[in-house]
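The structure appears right after this line, and notes come after that.
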Amino acid sequence: MKKIVVMASGNGSNFENIFLNFKDKADVTLISDCPKAFVIERAKRLKAKFIVLDYRAYSTKREYNDKLLDTLISFEPDLIVLAGYMRLLPSITVKKFEKRIINIHPSLLPAFKGKNAIKKAFDYGVKITGVTVHYVNEEMDAGQIIEQVPLKIEENMTFKDLESAIHRIEHTLYSNVISKLIGG
Ligand code: GRF
């Protein structure tokens, strides 16, 4: 059975969707850096395996990243899936799992990198935005693009409409990409 580690810091809708789509064909484990994140409530409800590595419990970034790397190595994951994980990975971790770490971002990269990308695109007034899945490198939202799905922003769309449409695309796209990468 293929092993997938999902890393998330927040709400966890992508984690939930991935867990439900892959739980019968892969070994899915959640790692969260944030003990209060809603994703942990989701993992408990879904009876998913999860580990909390509380970022604030470590005295330095280095110590946290070392612990995270050890934990990832111990899982021997086929794929590490970042789903709203809000930290950059250090280069030692990126190199160790080269081409085995992916991220999803709610814009057509390289436009609107970083936090609040859906809002940034909406406020900018672009007519087309979308979702990107890419390999992870040491920089934010910058690794090689694997897939993109565009979305036209219609005149009458509110921000909430756009946000919902983006999340629907994310859930389908991420599972499709994961299936291709783990071969299932
Ligand atoms: C998603 O919009 C994803 O693209 C971005 O963070 C958000 C996570 O959403 N990287 P959720 O926590 O999976 O609901």
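Simple scheme: letters A, B, ... for chains in structure tokens order, numbers from 1 for residues in each chain, numbers from 1 for ligands in the order shown.
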Please find the residues contacting ligand 1 at a distance of at most 6 Å between atoms, with only C-alpha atoms and all ligand atoms counted, and report them as a ChimeraX atom specification. /A:10-15,83-84,104-106
So that I can check the surroundings of stretch 120-130 of chain A, please list as a compact mmCIF listing (two decimals) with all heavy atoms, in the first residue's frame every protein, DNA and RNA residue that reaches within 6 Å of it, counting only C-alpha atoms and ignoring chain neighbours fewer than 2 positions away.
# COMPACT_ATOMS: atom_id res chain seq x y z
N SER A 107 -4.37 29.87 -7.00
CA SER A 107 -4.26 30.87 -8.07
C SER A 107 -3.54 30.20 -9.23
O SER A 107 -3.01 29.08 -9.08
CB SER A 107 -3.46 32.10 -7.62
OG SER A 107 -2.08 31.81 -7.59
N LEU A 108 -3.48 30.89 -10.35
CA LEU A 108 -2.67 30.39 -11.46
C LEU A 108 -1.26 30.93 -11.25
O LEU A 108 -0.95 32.06 -11.64
CB LEU A 108 -3.25 30.88 -12.80
CG LEU A 108 -4.60 30.28 -13.21
CD1 LEU A 108 -5.04 30.84 -14.56
CD2 LEU A 108 -4.55 28.75 -13.26
N ALA A 117 -4.53 34.25 -1.57
CA ALA A 117 -4.41 34.37 -3.03
C ALA A 117 -5.76 34.57 -3.72
O ALA A 117 -5.85 35.29 -4.72
CB ALA A 117 -3.71 33.13 -3.59
N ILE A 118 -6.80 33.94 -3.19
CA ILE A 118 -8.12 34.07 -3.83
C ILE A 118 -8.59 35.52 -3.72
O ILE A 118 -9.05 36.12 -4.68
CB ILE A 118 -9.16 33.11 -3.17
CG1 ILE A 118 -8.64 31.68 -3.14
CG2 ILE A 118 -10.50 33.19 -3.92
CD1 ILE A 118 -9.52 30.70 -2.38
N VAL A 149 -5.67 24.41 -13.31
CA VAL A 149 -7.04 24.49 -13.82
C VAL A 149 -7.48 25.95 -13.75
O VAL A 149 -7.45 26.56 -12.68
CB VAL A 149 -8.01 23.60 -13.00
CG1 VAL A 149 -9.46 23.86 -13.41
CG2 VAL A 149 -7.67 22.13 -13.18
N PRO A 150 -7.86 26.53 -14.90
CA PRO A 150 -8.30 27.92 -14.89
C PRO A 150 -9.78 28.05 -14.50
O PRO A 150 -10.56 27.11 -14.66
CB PRO A 150 -8.11 28.34 -16.36
CG PRO A 150 -8.27 27.07 -17.13
CD PRO A 150 -7.86 25.94 -16.24
N LEU A 151 -10.13 29.23 -14.01
CA LEU A 151 -11.52 29.52 -13.66
C LEU A 151 -11.83 30.95 -14.07
O LEU A 151 -11.10 31.88 -13.68
CB LEU A 151 -11.73 29.35 -12.15
CG LEU A 151 -13.09 29.80 -11.61
CD1 LEU A 151 -14.20 28.87 -12.08
CD2 LEU A 151 -13.08 29.84 -10.09
N LYS A 152 -12.88 31.12 -14.85
CA LYS A 152 -13.27 32.46 -15.27
C LYS A 152 -14.06 33.12 -14.14
O LYS A 152 -14.96 32.52 -13.56
CB LYS A 152 -14.13 32.35 -16.53
CG LYS A 152 -14.52 33.70 -17.10
CD LYS A 152 -14.93 33.58 -18.55
CE LYS A 152 -15.38 34.89 -19.17
NZ LYS A 152 -15.23 36.11 -18.43
N ILE A 153 -13.69 34.35 -13.80
CA ILE A 153 -14.45 35.09 -12.78
C ILE A 153 -15.55 35.87 -13.49
O ILE A 153 -15.27 36.82 -14.22
CB ILE A 153 -13.54 36.04 -11.97
CG1 ILE A 153 -12.37 35.26 -11.34
CG2 ILE A 153 -14.35 36.76 -10.90
CD1 ILE A 153 -11.42 36.10 -10.50
Fewer than 4 positions away in the same chain doesn't count, so skip those; otherwise give me all residues within 12 Å of A:Ala57, counting only C-alpha atoms, as an MDAnalysis selection string. chainID A and resid 33:35 52:53 61 63:65 67
Name the residues of chain A that fall into strand (DSSP E or B) according to DSSP on the backbone, using the chain letters and numbers of this document, as number ranges by chain. A: 2-8, 26-32, 49-52, 79-82, 101-105, 128-135, 145-152
Take atom CA of A:Arg100 and atom CA of A:Val5 and report the distance between them in Å, one decimal.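 For atom CA of A:Arg100 relative to atom CA of A:Val5, the distance reads 10.4 Å.
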Computed interatomic separation between atom CA of A:Leu181 and atom CA of A:Ile102 (Å):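 Separation of atom CA of A:Leu181 and atom CA of A:Ile102: 10.0 Å.
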Please compute the atom CA of A:Thr158-atom CA of A:Lys113 distance, one decimal, in Å.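 For atom CA of A:Thr158 relative to atom CA of A:Lys113, the distance reads 21.2 Å.
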Shell around A:Ile178 at 10 Å using only C-alpha atoms, local window under 2 positions removed, as a list in words: Ile4, Ile18, Phe22, Leu79, Ile80, Val81, Ile102, Val133, Leu173, Tyr174, Ser175, Asn176, Lys180, Leu181, Ile182, Gly183 and Gly184 of chain A
Restrict the selected residues to N, CA, C and O atoms and save them as a PDB file, in the first residue's frame.
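In the end it all went to result-v6.pdb:
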ATOM      1  N   ILE A   4       0.870   8.009   2.030  1.00  0.00           N
ATOM      2  CA  ILE A   4       0.704   9.441   1.780  1.00  0.00           C
ATOM      3  C   ILE A   4       0.739  10.160   3.124  1.00  0.00           C
ATOM      4  O   ILE A   4      -0.001   9.795   4.049  1.00  0.00           O
ATOM      5  N   ILE A  18      -8.975  14.341   0.537  1.00  0.00           N
ATOM      6  CA  ILE A  18      -7.927  13.370   0.165  1.00  0.00           C
ATOM      7  C   ILE A  18      -8.088  12.103   0.993  1.00  0.00           C
ATOM      8  O   ILE A  18      -8.022  10.986   0.477  1.00  0.00           O
ATOM      9  N   PHE A  22      -8.728   8.402  -0.621  1.00  0.00           N
ATOM     10  CA  PHE A  22      -7.580   7.479  -0.678  1.00  0.00           C
ATOM     11  C   PHE A  22      -7.501   6.498   0.484  1.00  0.00           C
ATOM     12  O   PHE A  22      -6.639   5.629   0.469  1.00  0.00           O
ATOM     13  N   LEU A  79       4.497   9.869  -1.049  1.00  0.00           N
ATOM     14  CA  LEU A  79       4.135  11.227  -1.435  1.00  0.00           C
ATOM     15  C   LEU A  79       3.820  12.049  -0.188  1.00  0.00           C
ATOM     16  O   LEU A  79       3.126  11.571   0.720  1.00  0.00           O
ATOM     17  N   ILE A  80       4.340  13.282  -0.166  1.00  0.00           N
ATOM     18  CA  ILE A  80       4.028  14.237   0.902  1.00  0.00           C
ATOM     19  C   ILE A  80       3.185  15.336   0.268  1.00  0.00           C
ATOM     20  O   ILE A  80       3.609  15.966  -0.705  1.00  0.00           O
ATOM     21  N   VAL A  81       1.999  15.506   0.814  1.00  0.00           N
ATOM     22  CA  VAL A  81       1.012  16.393   0.195  1.00  0.00           C
ATOM     23  C   VAL A  81       0.780  17.589   1.117  1.00  0.00           C
ATOM     24  O   VAL A  81       0.233  17.426   2.215  1.00  0.00           O
ATOM     25  N   ILE A 102       4.367  17.749  -2.879  1.00  0.00           N
ATOM     26  CA  ILE A 102       3.557  18.613  -3.741  1.00  0.00           C
ATOM     27  C   ILE A 102       2.746  19.590  -2.888  1.00  0.00           C
ATOM     28  O   ILE A 102       2.513  19.357  -1.702  1.00  0.00           O
ATOM     29  N   VAL A 133      -1.276  22.961  -8.909  1.00  0.00           N
ATOM     30  CA  VAL A 133      -0.567  21.960  -8.099  1.00  0.00           C
ATOM     31  C   VAL A 133       0.867  21.920  -8.605  1.00  0.00           C
ATOM     32  O   VAL A 133       1.108  21.865  -9.816  1.00  0.00           O
ATOM     33  N   LEU A 173      -9.020  18.452  -8.382  1.00  0.00           N
ATOM     34  CA  LEU A 173      -7.687  18.473  -8.992  1.00  0.00           C
ATOM     35  C   LEU A 173      -6.659  17.747  -8.115  1.00  0.00           C
ATOM     36  O   LEU A 173      -5.846  16.957  -8.631  1.00  0.00           O
ATOM     37  N   TYR A 174      -6.702  18.010  -6.805  1.00  0.00           N
ATOM     38  CA  TYR A 174      -5.643  17.432  -5.960  1.00  0.00           C
ATOM     39  C   TYR A 174      -5.726  15.904  -5.974  1.00  0.00           C
ATOM     40  O   TYR A 174      -4.706  15.222  -6.116  1.00  0.00           O
ATOM     41  N   SER A 175      -6.936  15.375  -5.885  1.00  0.00           N
ATOM     42  CA  SER A 175      -7.060  13.912  -5.900  1.00  0.00           C
ATOM     43  C   SER A 175      -6.636  13.340  -7.246  1.00  0.00           C
ATOM     44  O   SER A 175      -6.003  12.267  -7.296  1.00  0.00           O
ATOM     45  N   ASN A 176      -6.959  14.035  -8.335  1.00  0.00           N
ATOM     46  CA  ASN A 176      -6.530  13.545  -9.657  1.00  0.00           C
ATOM     47  C   ASN A 176      -5.007  13.486  -9.760  1.00  0.00           C
ATOM     48  O   ASN A 176      -4.430  12.510 -10.247  1.00  0.00           O
ATOM     49  N   LYS A 180      -2.485  10.153 -10.077  1.00  0.00           N
ATOM     50  CA  LYS A 180      -1.479   9.969 -11.143  1.00  0.00           C
ATOM     51  C   LYS A 180      -0.116   9.711 -10.537  1.00  0.00           C
ATOM     52  O   LYS A 180       0.633   8.856 -10.995  1.00  0.00           O
ATOM     53  N   LEU A 181       0.236  10.468  -9.487  1.00  0.00           N
ATOM     54  CA  LEU A 181       1.598  10.359  -8.952  1.00  0.00           C
ATOM     55  C   LEU A 181       1.835   9.062  -8.192  1.00  0.00           C
ATOM     56  O   LEU A 181       2.943   8.535  -8.210  1.00  0.00           O
ATOM     57  N   ILE A 182       0.815   8.576  -7.501  1.00  0.00           N
ATOM     58  CA  ILE A 182       1.038   7.311  -6.773  1.00  0.00           C
ATOM     59  C   ILE A 182       0.616   6.109  -7.612  1.00  0.00           C
ATOM     60  O   ILE A 182       0.728   4.968  -7.175  1.00  0.00           O
ATOM     61  N   GLY A 183       0.098   6.413  -8.792  1.00  0.00           N
ATOM     62  CA  GLY A 183      -0.249   5.317  -9.693  1.00  0.00           C
ATOM     63  C   GLY A 183      -1.466   4.548  -9.245  1.00  0.00           C
ATOM     64  O   GLY A 183      -1.430   3.343  -9.078  1.00  0.00           O
ATOM     65  N   GLY A 184      -2.545   5.234  -8.968  1.00  0.00           N
ATOM     66  CA  GLY A 184      -3.769   4.524  -8.578  1.00  0.00           C
ATOM     67  C   GLY A 184      -4.957   5.193  -9.135  1.00  0.00           C
ATOM     68  O   GLY A 184      -5.690   5.862  -8.649  1.00  0.00           O
TER      69      GLY A 184
END
Just list the residues in chain A DSSP gives alpha helix (DSSP H) on the backbone, as a PyMOL selection string. chain A and resi 13-22+38-46+61-75+91-96+117-124+159-182
